[in-house]
$ cat work.pdb   # PDB, C-alpha atoms
ATOM      1  CA  MET A 239      92.455 118.967  74.346
ATOM      2  CA  LEU A 240      88.698 119.377  73.879
ATOM      3  CA  GLU A 241      85.793 117.309  75.163
ATOM      4  CA  ALA A 242      84.120 115.935  72.039
ATOM      5  CA  GLU A 243      80.569 116.048  73.405
ATOM      6  CA  SER A 244      80.559 119.630  74.693
ATOM      7  CA  GLY A 245      83.577 121.254  73.065
ATOM      8  CA  ALA A 246      84.853 122.240  76.511
ATOM      9  CA  HIS A 247      88.566 123.017  76.751
ATOM     10  CA  LEU A 248      90.119 120.408  79.042
ATOM     11  CA  TRP A 249      93.894 120.844  78.850
ATOM     12  CA  ALA A 250      96.760 122.555  77.065
ATOM     13  CA  ASP A 251     100.445 123.003  77.854
ATOM     14  CA  ARG A 252     103.796 123.928  76.291
ATOM     15  CA  PHE A 253     106.998 121.874  76.403
ATOM     16  CA  GLU A 254     110.379 123.362  75.551
ATOM     17  CA  GLY A 255     113.672 121.648  74.696
ATOM     18  CA  SER A 256     116.417 121.451  72.106
ATOM     19  CA  LEU A 257     116.681 119.053  69.159
ATOM     20  CA  GLU A 258     119.775 117.519  70.747
ATOM     21  CA  ASP A 259     117.592 116.371  73.660
ATOM     22  CA  VAL A 260     114.699 115.218  71.500
ATOM     23  CA  PHE A 261     114.408 111.739  73.026
ATOM     24  CA  ASP A 262     114.528 113.047  76.580
ATOM     25  CA  LEU A 263     111.969 115.691  75.599
ATOM     26  CA  GLN A 264     109.761 113.002  74.089
ATOM     27  CA  ASP A 265     109.839 111.022  77.342
ATOM     28  CA  ARG A 266     109.064 114.119  79.410
ATOM     29  CA  ILE A 267     106.110 114.987  77.196
ATOM     30  CA  ALA A 268     104.646 111.482  77.398
ATOM     31  CA  PHE A 269     105.169 111.315  81.165
ATOM     32  CA  GLY A 270     103.795 114.785  81.833
ATOM     33  CA  VAL A 271     100.809 114.543  79.522
ATOM     34  CA  ALA A 272      99.594 111.296  81.079
ATOM     35  CA  GLY A 273      99.874 112.680  84.603
ATOM     36  CA  VAL A 274      98.003 115.900  83.864
ATOM     37  CA  ILE A 275      95.296 114.522  81.610
ATOM     38  CA  GLU A 276      94.109 111.769  83.965
ATOM     39  CA  PRO A 277      92.823 114.058  86.790
ATOM     40  CA  THR A 278      91.527 116.570  84.249
ATOM     41  CA  LEU A 279      89.431 113.915  82.557
ATOM     42  CA  ARG A 280      88.290 112.600  85.934
ATOM     43  CA  HIS A 281      87.101 116.082  86.890
ATOM     44  CA  ALA A 282      85.226 116.373  83.594
ATOM     45  CA  GLU A 283      83.594 113.002  84.259
ATOM     46  CA  ILE A 284      82.594 114.100  87.764
ATOM     47  CA  GLU A 285      80.910 117.173  86.335
ATOM     48  CA  ARG A 286      79.174 115.060  83.694
ATOM     49  CA  ALA A 287      77.898 112.672  86.363
ATOM     50  CA  ARG A 288      76.579 115.557  88.451
ATOM     51  CA  ARG A 289      74.335 116.618  85.565
ATOM     52  CA  LYS A 290      72.549 113.260  85.571
ATOM     53  CA  ARG A 291      69.666 112.218  87.791
ATOM     54  CA  PRO A 292      71.007 110.325  90.845
ATOM     55  CA  ASP A 293      68.399 107.574  90.545
ATOM     56  CA  ASN A 294      69.617 106.764  87.016
ATOM     57  CA  LEU A 295      73.265 106.330  87.930
ATOM     58  CA  GLU A 296      75.135 103.031  87.680
ATOM     59  CA  ALA A 297      78.190 102.049  89.726
ATOM     60  CA  TYR A 298      80.682 104.232  87.840
ATOM     61  CA  ASP A 299      78.555 107.351  88.082
ATOM     62  CA  LEU A 300      77.946 106.756  91.800
ATOM     63  CA  TYR A 301      81.695 106.392  92.231
ATOM     64  CA  LEU A 302      82.376 109.648  90.395
ATOM     65  CA  ARG A 303      79.745 111.512  92.396
ATOM     66  CA  ALA A 304      81.388 110.282  95.610
ATOM     67  CA  LEU A 305      84.900 111.452  94.760
ATOM     68  CA  PRO A 306      84.534 115.186  95.559
ATOM     69  CA  PHE A 307      83.308 114.253  99.060
ATOM     70  CA  ALA A 308      86.025 111.638  99.543
ATOM     71  CA  PHE A 309      88.736 114.058  98.447
ATOM     72  CA  ILE A 310      88.158 116.418 101.406
ATOM     73  CA  GLY A 311      89.280 113.828 103.957
ATOM     74  CA  MET A 312      87.076 114.796 106.902
ATOM     75  CA  PRO A 313      84.473 112.623 108.677
ATOM     76  CA  GLU A 314      81.386 114.586 107.668
ATOM     77  CA  THR A 315      82.124 114.576 103.962
ATOM     78  CA  ALA A 316      83.465 111.022 104.139
ATOM     79  CA  GLN A 317      79.993 109.872 105.156
ATOM     80  CA  LYS A 318      78.468 111.580 102.125
ATOM     81  CA  ALA A 319      80.946 109.724  99.941
ATOM     82  CA  LEU A 320      80.183 106.427 101.679
ATOM     83  CA  ASP A 321      76.468 106.811 101.024
ATOM     84  CA  LEU A 322      77.250 106.799  97.291
ATOM     85  CA  LEU A 323      80.114 104.313  97.292
ATOM     86  CA  ASP A 324      78.125 101.711  99.220
ATOM     87  CA  LYS A 325      75.510 101.846  96.470
ATOM     88  CA  ALA A 326      78.230 101.480  93.844
ATOM     89  CA  VAL A 327      79.612  98.270  95.334
ATOM     90  CA  ALA A 328      76.102  96.937  95.863
ATOM     91  CA  ILE A 329      75.710  97.151  92.075
ATOM     92  CA  GLU A 330      79.281  96.040  91.293
ATOM     93  CA  PRO A 331      80.664  94.031  94.275
ATOM     94  CA  GLU A 332      84.155  93.656  92.777
ATOM     95  CA  TYR A 333      84.660  97.343  92.030
ATOM     96  CA  GLY A 334      88.204  97.657  93.397
ATOM     97  CA  ALA A 335      88.588 101.441  93.207
ATOM     98  CA  ALA A 336      85.229 101.979  94.934
ATOM     99  CA  HIS A 337      86.290  99.626  97.744
ATOM    100  CA  GLY A 338      89.553 101.545  97.950
ATOM    101  CA  PHE A 339      87.777 104.849  98.459
ATOM    102  CA  ILE A 340      85.375 103.241 100.946
ATOM    103  CA  ALA A 341      88.447 102.169 102.933
ATOM    104  CA  PHE A 342      89.867 105.691 102.626
ATOM    105  CA  CYS A 343      86.616 107.222 103.914
ATOM    106  CA  HIS A 344      86.458 104.870 106.901
ATOM    107  CA  GLU A 345      90.087 105.787 107.654
ATOM    108  CA  ASN A 346      89.043 109.454 107.715
ATOM    109  CA  ARG A 347      86.162 108.682 110.035
ATOM    110  CA  TYR A 348      88.396 106.633 112.328
ATOM    111  CA  LEU A 349      91.330 109.014 112.664
ATOM    112  CA  ARG A 350      89.354 112.248 112.782
ATOM    113  CA  GLY A 351      86.064 110.959 114.128
ATOM    114  CA  GLY A 352      86.916 109.436 117.494
ATOM    115  CA  LEU A 353      89.006 106.292 116.821
ATOM    116  CA  ALA A 354      85.949 104.024 116.696
ATOM    117  CA  THR A 355      87.067 100.403 116.276
ATOM    118  CA  GLU A 356      84.335  99.583 113.775
ATOM    119  CA  GLU A 357      85.613 102.303 111.435
ATOM    120  CA  ARG A 358      89.130 100.866 111.497
ATOM    121  CA  LEU A 359      87.851  97.338 110.856
ATOM    122  CA  ALA A 360      85.675  98.548 107.988
ATOM    123  CA  ALA A 361      88.637 100.351 106.430
ATOM    124  CA  LEU A 362      90.771  97.212 106.593
ATOM    125  CA  SER A 363      87.988  95.008 105.256
ATOM    126  CA  HIS A 364      87.453  97.152 102.185
ATOM    127  CA  ALA A 365      91.205  97.605 101.689
ATOM    128  CA  ARG A 366      91.599  93.820 101.516
ATOM    129  CA  ILE A 367      88.767  93.624  98.981
ATOM    130  CA  ALA A 368      90.452  96.354  96.936
ATOM    131  CA  LEU A 369      93.717  94.384  96.966
ATOM    132  CA  ALA A 370      91.903  91.210  95.949
ATOM    133  CA  THR A 371      89.719  92.702  93.216
ATOM    134  CA  GLY A 372      91.741  95.701  92.040
ATOM    135  CA  GLY A 373      94.949  94.013  90.979
ATOM    136  CA  ASP A 374      94.834  95.739  87.595
ATOM    137  CA  ASP A 375      93.797  99.154  88.984
ATOM    138  CA  ALA A 376      96.482 101.524  90.265
ATOM    139  CA  THR A 377      93.939 103.592  92.214
ATOM    140  CA  ALA A 378      92.548 100.572  94.057
ATOM    141  CA  LEU A 379      96.034  99.321  94.898
ATOM    142  CA  ALA A 380      97.306 102.706  96.081
ATOM    143  CA  LEU A 381      94.343 103.321  98.378
ATOM    144  CA  ALA A 382      94.525  99.788  99.782
ATOM    145  CA  ALA A 383      98.286 100.104 100.313
ATOM    146  CA  PHE A 384      97.761 103.328 102.233
ATOM    147  CA  ILE A 385      95.202 101.737 104.578
ATOM    148  CA  VAL A 386      97.267  98.583 105.139
ATOM    149  CA  GLY A 387     100.289 100.726 105.954
ATOM    150  CA  ILE A 388      98.336 102.862 108.405
ATOM    151  CA  PHE A 389      96.275 100.278 110.230
ATOM    152  CA  GLU A 390      98.214  97.024 110.008
ATOM    153  CA  HIS A 391     101.685  98.591 109.962
ATOM    154  CA  ASP A 392     102.424  96.032 107.255
ATOM    155  CA  TYR A 393     104.838  98.173 105.297
ATOM    156  CA  GLU A 394     106.063  95.266 103.175
ATOM    157  CA  THR A 395     102.591  94.576 101.775
ATOM    158  CA  ALA A 396     101.880  98.296 101.440
ATOM    159  CA  LEU A 397     105.086  99.093  99.571
ATOM    160  CA  ASN A 398     104.672  96.080  97.285
ATOM    161  CA  ALA A 399     101.152  97.241  96.429
ATOM    162  CA  PHE A 400     102.414 100.757  95.745
ATOM    163  CA  ASP A 401     105.138  99.383  93.483
ATOM    164  CA  LYS A 402     102.552  97.397  91.540
ATOM    165  CA  ALA A 403     100.410 100.532  91.230
ATOM    166  CA  PHE A 404     103.406 102.394  89.806
ATOM    167  CA  SER A 405     104.015  99.611  87.275
ATOM    168  CA  LEU A 406     100.385  99.773  86.165
ATOM    169  CA  ASN A 407     100.329 103.576  85.972
ATOM    170  CA  PRO A 408     103.719 105.330  86.215
ATOM    171  CA  SER A 409     101.855 108.659  86.062
ATOM    172  CA  SER A 410      99.532 108.089  89.028
ATOM    173  CA  ALA A 411      99.896 111.195  91.179
ATOM    174  CA  LEU A 412      97.501 109.638  93.707
ATOM    175  CA  ALA A 413      99.745 106.590  94.167
ATOM    176  CA  PHE A 414     102.935 108.616  94.512
ATOM    177  CA  GLY A 415     101.294 111.064  96.924
ATOM    178  CA  LEU A 416      99.960 108.366  99.246
ATOM    179  CA  SER A 417     103.224 106.462  98.993
ATOM    180  CA  SER A 418     105.103 109.524 100.225
ATOM    181  CA  ILE A 419     103.140 109.494 103.497
ATOM    182  CA  ILE A 420     103.682 105.798 104.190
ATOM    183  CA  ARG A 421     107.381 106.004 103.314
ATOM    184  CA  ALA A 422     107.815 109.027 105.590
ATOM    185  CA  TRP A 423     106.205 107.152 108.479
ATOM    186  CA  ASN A 424     108.440 104.175 107.680
ATOM    187  CA  GLY A 425     111.513 106.383 108.074
ATOM    188  CA  ASP A 426     112.451 106.634 104.394
ATOM    189  CA  SER A 427     112.402 110.425 104.134
ATOM    190  CA  ALA A 428     114.472 110.520 100.954
ATOM    191  CA  THR A 429     112.065 108.343  98.952
ATOM    192  CA  ALA A 430     109.083 110.060 100.551
ATOM    193  CA  ILE A 431     110.327 113.439  99.331
ATOM    194  CA  GLU A 432     111.083 112.016  95.885
ATOM    195  CA  HIS A 433     107.584 110.525  95.566
ATOM    196  CA  ALA A 434     105.859 113.650  96.886
ATOM    197  CA  GLU A 435     107.710 115.902  94.465
ATOM    198  CA  LEU A 436     107.003 113.521  91.584
ATOM    199  CA  ALA A 437     103.292 113.483  92.424
ATOM    200  CA  LEU A 438     103.233 117.278  92.386
ATOM    201  CA  ARG A 439     105.088 117.475  89.080
ATOM    202  CA  LEU A 440     102.731 114.945  87.537
ATOM    203  CA  SER A 441      99.551 116.664  88.669
ATOM    204  CA  PRO A 442     100.008 119.953  90.545
ATOM    205  CA  PHE A 443      96.288 120.769  90.507
ATOM    206  CA  ASP A 444      94.992 117.313  91.366
ATOM    207  CA  PRO A 445      92.232 117.509  94.028
ATOM    208  CA  MET A 446      94.252 115.092  96.173
ATOM    209  CA  SER A 447      97.572 116.919  95.822
ATOM    210  CA  PHE A 448      97.335 117.718  99.527
ATOM    211  CA  ASN A 449      98.434 114.127 100.210
ATOM    212  CA  ALA A 450     101.730 114.739  98.437
ATOM    213  CA  TYR A 451     102.250 117.979 100.349
ATOM    214  CA  ASN A 452     101.445 116.136 103.597
ATOM    215  CA  GLY A 453     103.945 113.412 102.715
ATOM    216  CA  LEU A 454     106.519 116.098 101.984
ATOM    217  CA  ALA A 455     105.743 117.823 105.297
ATOM    218  CA  TYR A 456     106.059 114.584 107.284
ATOM    219  CA  ALA A 457     109.326 113.672 105.555
ATOM    220  CA  GLN A 458     110.910 117.094 106.035
ATOM    221  CA  PHE A 459     109.733 117.227 109.648
ATOM    222  CA  PHE A 460     111.144 113.805 110.494
ATOM    223  CA  ALA A 461     114.407 114.798 108.775
ATOM    224  CA  GLY A 462     114.639 117.788 111.112
ATOM    225  CA  ARG A 463     113.940 120.425 108.469
ATOM    226  CA  CYS A 464     111.086 122.172 110.233
ATOM    227  CA  ASP A 465     110.918 125.321 108.132
ATOM    228  CA  GLU A 466     110.649 123.203 104.966
ATOM    229  CA  ALA A 467     108.028 121.044 106.668
ATOM    230  CA  ALA A 468     105.974 124.097 107.619
ATOM    231  CA  SER A 469     106.186 125.382 104.046
ATOM    232  CA  ALA A 470     104.962 122.060 102.631
ATOM    233  CA  ALA A 471     102.150 121.937 105.180
ATOM    234  CA  SER A 472     101.137 125.470 104.194
ATOM    235  CA  MET A 473     100.853 124.350 100.580
ATOM    236  CA  ALA A 474      98.668 121.446 101.730
ATOM    237  CA  THR A 475      96.336 123.841 103.570
ATOM    238  CA  GLN A 476      95.921 125.801 100.345
ATOM    239  CA  ALA A 477      95.199 122.640  98.383
ATOM    240  CA  ASN A 478      92.586 121.478 100.914
ATOM    241  CA  PRO A 479      91.713 124.165 103.511
ATOM    242  CA  ARG A 480      89.071 121.963 105.191
ATOM    243  CA  PHE A 481      91.480 119.115 105.986
ATOM    244  CA  SER A 482      92.884 119.265 109.526
ATOM    245  CA  ILE A 483      96.093 117.247 109.058
ATOM    246  CA  PRO A 484      98.095 119.969 107.224
ATOM    247  CA  TRP A 485      97.255 122.463 109.955
ATOM    248  CA  ILE A 486      98.386 119.917 112.558
ATOM    249  CA  LEU A 487     101.685 119.364 110.757
ATOM    250  CA  ARG A 488     102.157 123.101 110.263
ATOM    251  CA  ALA A 489     101.576 123.753 113.981
ATOM    252  CA  ALA A 490     104.109 121.089 115.006
ATOM    253  CA  ALA A 491     106.728 122.214 112.489
ATOM    254  CA  LEU A 492     106.421 125.906 113.340
ATOM    255  CA  ALA A 493     106.653 125.160 117.054
ATOM    256  CA  GLN A 494     109.762 123.045 116.595
ATOM    257  CA  ALA A 495     111.231 125.859 114.488
ATOM    258  CA  GLY A 496     110.671 128.270 117.384
ATOM    259  CA  ARG A 497     107.873 130.211 115.687
ATOM    260  CA  ILE A 498     105.450 129.766 118.546
ATOM    261  CA  ALA A 499     102.975 132.551 117.731
ATOM    262  CA  ASP A 500     102.480 131.209 114.204
ATOM    263  CA  ALA A 501     102.242 127.681 115.586
ATOM    264  CA  LYS A 502      99.474 128.711 117.970
ATOM    265  CA  ALA A 503      97.522 130.298 115.115
ATOM    266  CA  SER A 504      97.684 127.019 113.199
ATOM    267  CA  ALA A 505      96.701 125.138 116.352
ATOM    268  CA  GLN A 506      93.571 127.244 116.641
ATOM    269  CA  ARG A 507      92.701 126.385 113.053
ATOM    270  CA  VAL A 508      93.068 122.697 113.954
ATOM    271  CA  LEU A 509      90.523 123.097 116.723
ATOM    272  CA  ASP A 510      88.180 125.036 114.454
ATOM    273  CA  LEU A 511      88.171 122.143 111.990
ATOM    274  CA  GLN A 512      88.374 119.307 114.492
ATOM    275  CA  PRO A 513      87.076 120.449 117.914
ATOM    276  CA  SER A 514      87.666 117.044 119.518
ATOM    277  CA  PHE A 515      91.372 117.016 118.591
ATOM    278  CA  THR A 516      93.858 115.855 121.223
ATOM    279  CA  VAL A 517      97.572 115.235 120.916
ATOM    280  CA  SER A 518      97.232 111.716 122.318
ATOM    281  CA  SER A 519      94.569 110.675 119.799
ATOM    282  CA  PHE A 520      96.570 112.098 116.908
ATOM    283  CA  LEU A 521      99.709 110.260 117.948
ATOM    284  CA  ALA A 522      97.692 107.051 118.314
ATOM    285  CA  GLY A 523      96.825 107.311 114.623
ATOM    286  CA  ASN A 524     100.389 107.915 113.405
ATOM    287  CA  PHE A 525     102.150 104.576 113.194
ATOM    288  CA  THR A 526     105.817 105.454 113.129
ATOM    289  CA  SER A 527     108.793 105.169 115.468
ATOM    290  CA  GLU A 528     108.686 106.345 119.074
ATOM    291  CA  GLU A 529     111.339 108.941 118.247
ATOM    292  CA  ARG A 530     109.278 110.431 115.411
ATOM    293  CA  LEU A 531     106.107 110.351 117.512
ATOM    294  CA  ALA A 532     107.947 112.206 120.267
ATOM    295  CA  MET A 533     108.980 114.914 117.790
ATOM    296  CA  LEU A 534     105.383 115.371 116.675
ATOM    297  CA  GLY A 535     103.997 115.325 120.199
ATOM    298  CA  ASP A 536     106.522 117.866 121.470
ATOM    299  CA  GLY A 537     105.734 120.273 118.638
ATOM    300  CA  LEU A 538     101.977 119.968 119.110
ATOM    301  CA  ARG A 539     102.197 120.548 122.836
ATOM    302  CA  GLN A 540     104.403 123.618 122.312
ATOM    303  CA  ALA A 541     101.746 124.897 119.922
ATOM    304  CA  GLY A 542      99.220 124.705 122.747
ATOM    305  CA  LEU A 543      97.044 121.846 121.517
ATOM    306  CA  PRO A 544      95.275 119.863 124.268
ATOM    307  CA  GLU A 545      96.731 116.625 125.511
TER     308      GLU A 545
END
$ encode --input "work.pdb" --output "structure tokens"
Amino acid sequence: MLEAESGAHLWADRFEGSLEDVFDLQDRIAFGVAGVIEPTLRHAEIERARRKRPDNLEAYDLYLRALPFAFIGMPETAQKALDLLDKAVAIEPEYGAAHGFIAFCHENRYLRGGLATEERLAALSHARIALATGGDDATALALAAFIVGIFEHDYETALNAFDKAFSLNPSSALAFGLSSIIRAWNGDSATAIEHAELALRLSPFDPMSFNAYNGLAYAQFFAGRCDEAASAASMATQANPRFSIPWILRAAALAQAGRIADAKASAQRVLDLQPSFTVSSFLAGNFTSEERLAMLGDGLRQAGLPE
């Protein structure tokens, strides 16, 4: 696939199969192509938007310029994304996907920026707007579902919104990746693993693939498979080295697996990225059962992270 304007090479792949399986092969091609092309085109659009003067951008260009900052998932970069996204919704107040990413950024600032109540309320406010205005947008619905699941613990609404996102875009790696986290927290490790693996098959190089790896790590950890959880968390750190959550999950999983020295090394990386980290604040932001919270807390304390 080539970009018509510049001639840049965007995507190519090879599919193999026998004539006897031609209809199955056809379905796999359609499914795989849609999942890979979407993030590739989005990246090309981000680069195109970057080449334009910021003061000439409309809502869509502001949104695209914000995405690389939003993708990182840490408070400092989340604020850079918010500066752009707030301008986007000022121009287009019913821009569901922009509201969804605003909610996502406020969630980052809340959970990794001190648990400030106003950040949580802002995340929920924009998530509700995304649900109300983004009913035909899988991205808006997936981001809103994630926030509602985290902050309101309303798993029924969250899972319904995810299901609608899947019906709108069965190839949305973002939706499947975020769904895997919520389903893991809700105790459905089997579906969480299925959704995480599907997200990674659909779009292995997506800039938000770390969410799928995180969902996989949570699900494997809660299922008692700590080595598998540590492996998934390691993949998440490679996908997004500046995001603290994978290092947290890796530290807990390695500690529970008895690999204390490796766990302590990951714990130090957590503190490098998030100096204010405490076990109690992290557990306060993970809305799952007391049993699963106890597993996480025990691993993090064994890894040497401060209470």
$ residues_near_point --input "work.pdb" --point "(100.9, 112.1, 124.9)" --cutoff "10 Å" --atoms "only C-alpha atoms" --output "MDAnalysis selection string"
chainID A and resid 516:522 531:532 534:536 538:539 544:545
$ resolve_selection --input "work.pdb" --expression "the PyMOL selection byres ((chain A and resi 386) around 10)" --output "PDB file with C-alpha atoms, in the coordinates of the input"
ATOM      1  CA  ALA A 341      88.447 102.169 102.933  1.00  0.00           C
ATOM      2  CA  ALA A 361      88.637 100.351 106.430  1.00  0.00           C
ATOM      3  CA  LEU A 362      90.771  97.212 106.593  1.00  0.00           C
ATOM      4  CA  SER A 363      87.988  95.008 105.256  1.00  0.00           C
ATOM      5  CA  ALA A 365      91.205  97.605 101.689  1.00  0.00           C
ATOM      6  CA  ARG A 366      91.599  93.820 101.516  1.00  0.00           C
ATOM      7  CA  LEU A 369      93.717  94.384  96.966  1.00  0.00           C
ATOM      8  CA  ALA A 380      97.306 102.706  96.081  1.00  0.00           C
ATOM      9  CA  LEU A 381      94.343 103.321  98.378  1.00  0.00           C
ATOM     10  CA  ALA A 382      94.525  99.788  99.782  1.00  0.00           C
ATOM     11  CA  ALA A 383      98.286 100.104 100.313  1.00  0.00           C
ATOM     12  CA  PHE A 384      97.761 103.328 102.233  1.00  0.00           C
ATOM     13  CA  ILE A 385      95.202 101.737 104.578  1.00  0.00           C
ATOM     14  CA  GLY A 387     100.289 100.726 105.954  1.00  0.00           C
ATOM     15  CA  ILE A 388      98.336 102.862 108.405  1.00  0.00           C
ATOM     16  CA  PHE A 389      96.275 100.278 110.230  1.00  0.00           C
ATOM     17  CA  GLU A 390      98.214  97.024 110.008  1.00  0.00           C
ATOM     18  CA  HIS A 391     101.685  98.591 109.962  1.00  0.00           C
ATOM     19  CA  ASP A 392     102.424  96.032 107.255  1.00  0.00           C
ATOM     20  CA  TYR A 393     104.838  98.173 105.297  1.00  0.00           C
ATOM     21  CA  GLU A 394     106.063  95.266 103.175  1.00  0.00           C
ATOM     22  CA  THR A 395     102.591  94.576 101.775  1.00  0.00           C
ATOM     23  CA  ALA A 396     101.880  98.296 101.440  1.00  0.00           C
ATOM     24  CA  LEU A 397     105.086  99.093  99.571  1.00  0.00           C
ATOM     25  CA  ALA A 399     101.152  97.241  96.429  1.00  0.00           C
ATOM     26  CA  ILE A 420     103.682 105.798 104.190  1.00  0.00           C
TER      27      ILE A 420
END
$ closest_atom_pairs --input "work.pdb" --of "segment 315-388 of chain A" --to "segment 505-514 of chain A" --cutoff "12 Å" --atoms "all atoms listed in the file" --output "Markdown table"
| residue | atom | partner | partner_atom | distance |
| --- | --- | --- | --- | --- |
| A:Asn346 | CA | A:Gln512 | CA | 12.0 |
| A:Arg347 | CA | A:Gln512 | CA | 11.7 |
| A:Leu349 | CA | A:Gln512 | CA | 10.9 |
| A:Arg350 | CA | A:Gln512 | CA | 7.3 |
| A:Gly351 | CA | A:Ser514 | CA | 8.3 |
| A:Gly352 | CA | A:Ser514 | CA | 7.9 |
| A:Leu353 | CA | A:Ser514 | CA | 11.2 |
$ atom_distance --input "work.pdb" --atom1 "atom CA of Pro331 of chain A" --atom2 "atom CA of Tyr301 of chain A"
12.6 Å
$ resolve_selection --input "work.pdb" --expression "the PyMOL selection byres ((chain A and resi 471) around 8)" --output "ChimeraX atom specification"
/A:451-452,454-455,467-470,472-475,484-485,487-488
$ atom_distance --input "work.pdb" --atom1 "atom CA of Leu305 of chain A" --atom2 "atom CA of Lys325 of chain A"
13.5 Å
$ closest_residue --input "work.pdb" --among "A:Ala413, A:Met533, A:Ala461, A:Leu440" --to "Ala490 of chain A" --atoms "only C-alpha atoms"
A:Met533
$ atom_distance --input "work.pdb" --atom1 "atom CA of Pro408 of chain A" --atom2 "atom CA of Tyr456 of chain A"
23.1 Å
$ closest_residue --input "work.pdb" --among "A:Trp423, A:Phe309, A:Tyr333, A:Ser417" --to "Glu435 of chain A" --atoms "all atoms listed in the file"
A:Ser417
$ build_atoms --input "work.pdb" --residues "segment 336-348 of chain A" --atoms "N, CA and C atoms" --output "PDB file, keeping the file's coordinate frame"
ATOM      1  N   ALA A 336      86.279 101.540  94.010  1.00  0.00           N
ATOM      2  CA  ALA A 336      85.229 101.979  94.934  1.00  0.00           C
ATOM      3  C   ALA A 336      85.507 101.446  96.340  1.00  0.00           C
ATOM      4  N   HIS A 337      85.920 100.172  96.433  1.00  0.00           N
ATOM      5  CA  HIS A 337      86.290  99.626  97.744  1.00  0.00           C
ATOM      6  C   HIS A 337      87.474 100.389  98.325  1.00  0.00           C
ATOM      7  N   GLY A 338      88.411 100.781  97.471  1.00  0.00           N
ATOM      8  CA  GLY A 338      89.553 101.545  97.950  1.00  0.00           C
ATOM      9  C   GLY A 338      89.137 102.868  98.566  1.00  0.00           C
ATOM     10  N   PHE A 339      88.229 103.575  97.903  1.00  0.00           N
ATOM     11  CA  PHE A 339      87.777 104.849  98.459  1.00  0.00           C
ATOM     12  C   PHE A 339      86.871 104.649  99.673  1.00  0.00           C
ATOM     13  N   ILE A 340      86.128 103.539  99.720  1.00  0.00           N
ATOM     14  CA  ILE A 340      85.375 103.241 100.946  1.00  0.00           C
ATOM     15  C   ILE A 340      86.343 103.075 102.114  1.00  0.00           C
ATOM     16  N   ALA A 341      87.428 102.336 101.887  1.00  0.00           N
ATOM     17  CA  ALA A 341      88.447 102.169 102.933  1.00  0.00           C
ATOM     18  C   ALA A 341      89.026 103.517 103.341  1.00  0.00           C
ATOM     19  N   PHE A 342      89.315 104.363 102.359  1.00  0.00           N
ATOM     20  CA  PHE A 342      89.867 105.691 102.626  1.00  0.00           C
ATOM     21  C   PHE A 342      88.898 106.520 103.465  1.00  0.00           C
ATOM     22  N   CYS A 343      87.621 106.455 103.165  1.00  0.00           N
ATOM     23  CA  CYS A 343      86.616 107.222 103.914  1.00  0.00           C
ATOM     24  C   CYS A 343      86.486 106.720 105.352  1.00  0.00           C
ATOM     25  N   HIS A 344      86.521 105.393 105.531  1.00  0.00           N
ATOM     26  CA  HIS A 344      86.458 104.870 106.901  1.00  0.00           C
ATOM     27  C   HIS A 344      87.718 105.241 107.681  1.00  0.00           C
ATOM     28  N   GLU A 345      88.865 105.321 106.993  1.00  0.00           N
ATOM     29  CA  GLU A 345      90.087 105.787 107.654  1.00  0.00           C
ATOM     30  C   GLU A 345      89.910 107.219 108.132  1.00  0.00           C
ATOM     31  N   ASN A 346      89.311 108.073 107.313  1.00  0.00           N
ATOM     32  CA  ASN A 346      89.043 109.454 107.715  1.00  0.00           C
ATOM     33  C   ASN A 346      88.139 109.502 108.942  1.00  0.00           C
ATOM     34  N   ARG A 347      87.114 108.686 108.923  1.00  0.00           N
ATOM     35  CA  ARG A 347      86.162 108.682 110.035  1.00  0.00           C
ATOM     36  C   ARG A 347      86.799 108.125 111.305  1.00  0.00           C
ATOM     37  N   TYR A 348      87.714 107.185 111.160  1.00  0.00           N
ATOM     38  CA  TYR A 348      88.396 106.633 112.328  1.00  0.00           C
ATOM     39  C   TYR A 348      89.356 107.654 112.939  1.00  0.00           C
TER      40      TYR A 348
END
